[in-house]
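> Before we start, here is the structure in question, set down as structure tokens.
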Amino acid sequence: MPQRLRVIGNYISPYVRKVLVCLELKGLDYEVDPIAPFVGNDEFSRLSPLRRIPVLIDDRFVLNDSSVICQYLDDRHPTPALYPADIADRAQARWLEEYADTRLASGLIWKLFYQLAIRRHVFGEATDEAVVQQARDAEIPAALDYLEKQLPDDGFLFGPLSIADISIASFFRTASFVRYAIDATRWPRSAALVAQVQALPVFQKLARYEDCMLRLPLAEQRGALISAGAPLTSDTLGTSAPRHFIPRES
């Protein structure tokens with residue numbers, strides 16, 4: 001009997017969320033080791049040489065990088081398709097996925113969420129308020145200005161739900177944990193798309209797990225997830241002492 005797919009990575013991560021949404025939509029059996037990248041042990045370093053999440057283990061086959069993982073899952077389990085059939089639309093979907101993974105991540109995750117949540121509560125370091133202000137006032141608005149021009153008046157980007165919709169909504173979900181919300185007056189298309197995707201049953205299912213662990217210390221998150229019925233691994237690659245890691249893809 002084939003082993004369950006294993007995902008290494010925390011539910012709070014937008015990159016991990018993207019992969020879990022794909023797994024859920026395709027009806028695949030999986031388990032999660034919900035560690036943050038800064039508490040991974042030496043085995044985690046072996047599996048993820050850049051010490052980033054998510055990592056997917058399919059039997060003995062190991063994959064890194066959320067975009068690579070999602071493309072692999074779509075190739076191996078093509079129904080429902082999460083990449084458009086039209087070649088131009090498919091290329092555009094991949095571009096918007098990359099835009100979310102880099103441009104949105106820079107402002108929403110590394111300059112906002114990291115400063116207000118991770119740096120403060122995990123590493124016990126002071127928030128750099130100048131970085132936060134620059135993200136709120138300049139970087140995130142600039143990213144949304146571009147995104148707004150790419151989105152349709154209503155519905156998903158390419159008709160059926162695609163990896164582009166999932167990726168964009170995943171980053172704004174994590175940003176909401178530090179009380180960032182899109183100004184629907186200034187960016188109505190972006191706000192509508194994110195709300196539509198996050199209202200999907202698959203996002204709501206994952207949100208229940210995210211919410212139960214959100215404000216808990218790392219050491220208590222696994223127990224809370226078990227109580228909530230999350231499909232966790234029996235073992236973990238996590239350690240108790242956090243250490244800094246390479247930004248991007250976490």
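Please note that chains go A, B, ... in the order of the structure tokens, that every chain numbers its residues from 1, and that ligands are numbered from 1 in the order shown.
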DSSP on the backbone, strand (DSSP E or B) only: what residues of segment 6-222 of chain A does that give? Format it as a ChimeraX atom specification.

/A:6-8,30-33,40,55-58,61-64,156,159

> Listing only residues of segment 120-214 of chain A within 12 Å of segment 28-52 of chain A, what is the closest atom pair and its distance in Å (to one decimal) for each, using only C-alpha atoms, sorted by chain and residue number ascending, as a Markdown table?


```
| residue | atom | partner | partner_atom | distance |
| --- | --- | --- | --- | --- |
| A:Val122 | CA | A:Phe38 | CA | 9.3 |
| A:Phe123 | CA | A:Phe38 | CA | 9.8 |
| A:Tyr209 | CA | A:Pro34 | CA | 10.6 |
| A:Glu210 | CA | A:Pro34 | CA | 10.6 |
| A:Met213 | CA | A:Pro34 | CA | 10.5 |
```

> Please produce an output containing C-alpha atoms for each residue in the selection, written as an mmCIF file, in the first residue's frame.


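File produced: part_5.cif:
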```
data_model
loop_
_atom_site.group_PDB
_atom_site.id
_atom_site.type_symbol
_atom_site.label_atom_id
_atom_site.label_comp_id
_atom_site.auth_asym_id
_atom_site.auth_seq_id
_atom_site.Cartn_x
_atom_site.Cartn_y
_atom_site.Cartn_z
ATOM 1 C CA VAL A 122 9.495 33.843 18.091
ATOM 2 C CA PHE A 123 12.884 35.532 18.271
ATOM 3 C CA TYR A 209 -6.604 24.536 11.770
ATOM 4 C CA GLU A 210 -4.839 27.859 11.329
ATOM 5 C CA MET A 213 -2.857 27.466 16.608
#
```

> List every residue of segment 50-132 of chain A that DSSP, applied to the backbone of this structure, places in helix (DSSP H, G or I), and write the result as a ChimeraX atom specification.

/A:66-76,87-121,129-132

> Could the residues of segment 161-221 of chain A that have an atom at most 9 Å from segment 132-150 of chain A be listed as CSV, each with its closest atom pair and the distance in Å to one decimal, counting only C-alpha atoms and ordered by chain and ascending residue number?


```
residue,atom,partner,partner_atom,distance
A:Tyr180,CA,A:Arg136,CA,8.9
A:Ile182,CA,A:Leu144,CA,8.6
A:Arg186,CA,A:Asp145,CA,8.9
A:Trp187,CA,A:Glu148,CA,6.1
A:Pro188,CA,A:Glu148,CA,7.8
A:Arg189,CA,A:Glu148,CA,5.9
A:Ser190,CA,A:Glu148,CA,5.6
```

> Please save N, CA, C and O atoms of the selected residues as a CSV table (one decimal), in the first residue's frame.


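This is the output file again-v9.csv:
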```
chain,number,residue,atom,x,y,z
A,180,TYR,N,-3.9,42.9,8.3
A,180,TYR,CA,-3.8,43.6,7.1
A,180,TYR,C,-5.0,43.1,6.2
A,180,TYR,O,-5.3,41.9,6.1
A,182,ILE,N,-7.2,44.2,2.4
A,182,ILE,CA,-7.2,45.0,1.2
A,182,ILE,C,-8.3,46.1,1.3
A,182,ILE,O,-9.4,45.8,1.7
A,186,ARG,N,-10.1,51.1,-2.9
A,186,ARG,CA,-9.0,51.4,-3.8
A,186,ARG,C,-8.7,50.3,-4.7
A,186,ARG,O,-8.3,50.5,-5.9
A,187,TRP,N,-8.9,49.0,-4.3
A,187,TRP,CA,-8.5,47.8,-5.1
A,187,TRP,C,-9.7,46.9,-5.1
A,187,TRP,O,-9.6,45.8,-4.5
A,188,PRO,N,-10.8,47.2,-5.7
A,188,PRO,CA,-12.0,46.4,-5.6
A,188,PRO,C,-11.9,45.0,-6.2
A,188,PRO,O,-12.4,44.0,-5.6
A,189,ARG,N,-11.2,44.9,-7.3
A,189,ARG,CA,-11.0,43.5,-7.9
A,189,ARG,C,-10.2,42.6,-7.0
A,189,ARG,O,-10.5,41.4,-6.9
A,190,SER,N,-9.1,43.1,-6.5
A,190,SER,CA,-8.3,42.3,-5.6
A,190,SER,C,-9.0,41.9,-4.4
A,190,SER,O,-8.9,40.7,-4.0
```

> Between A:Glu220, A:Asp89, A:Glu129, A:Asp74, which residue has the minimum interatomic distance to Leu157 of chain A, considering only C-alpha atoms?

A:Asp89

> Could I get the residues of segment 138-237 of chain A with an atom no further than 12 Å from an atom of segment 66-72 of chain A, each paired with its nearest atom pair and that distance in Å to one decimal, using only C-alpha atoms, sorted by chain and residue number, as JSON lines?


```
{"residue": "A:Ser162", "atom": "CA", "partner": "A:Cys70", "partner_atom": "CA", "distance": 11.0}
{"residue": "A:Ile163", "atom": "CA", "partner": "A:Cys70", "partner_atom": "CA", "distance": 8.1}
{"residue": "A:Ala164", "atom": "CA", "partner": "A:Ser67", "partner_atom": "CA", "distance": 10.6}
{"residue": "A:Ile166", "atom": "CA", "partner": "A:Cys70", "partner_atom": "CA", "distance": 10.8}
{"residue": "A:Ser167", "atom": "CA", "partner": "A:Ser67", "partner_atom": "CA", "distance": 9.4}
{"residue": "A:Ser170", "atom": "CA", "partner": "A:Ser66", "partner_atom": "CA", "distance": 11.9}
```

> Would you put the residues from that selection into a file with C-alpha atoms, as a PDB file, in the first residue's frame?


```
ATOM      1  CA  SER A 162      -6.512  28.028 -10.793  1.00  0.00           C
ATOM      2  CA  ILE A 163      -3.154  28.095  -9.056  1.00  0.00           C
ATOM      3  CA  ALA A 164      -3.027  31.866  -9.609  1.00  0.00           C
ATOM      4  CA  ILE A 166      -5.021  30.103  -4.851  1.00  0.00           C
ATOM      5  CA  SER A 167      -1.585  31.713  -4.598  1.00  0.00           C
ATOM      6  CA  SER A 170      -2.947  32.447   0.329  1.00  0.00           C
TER       7      SER A 170
END
```
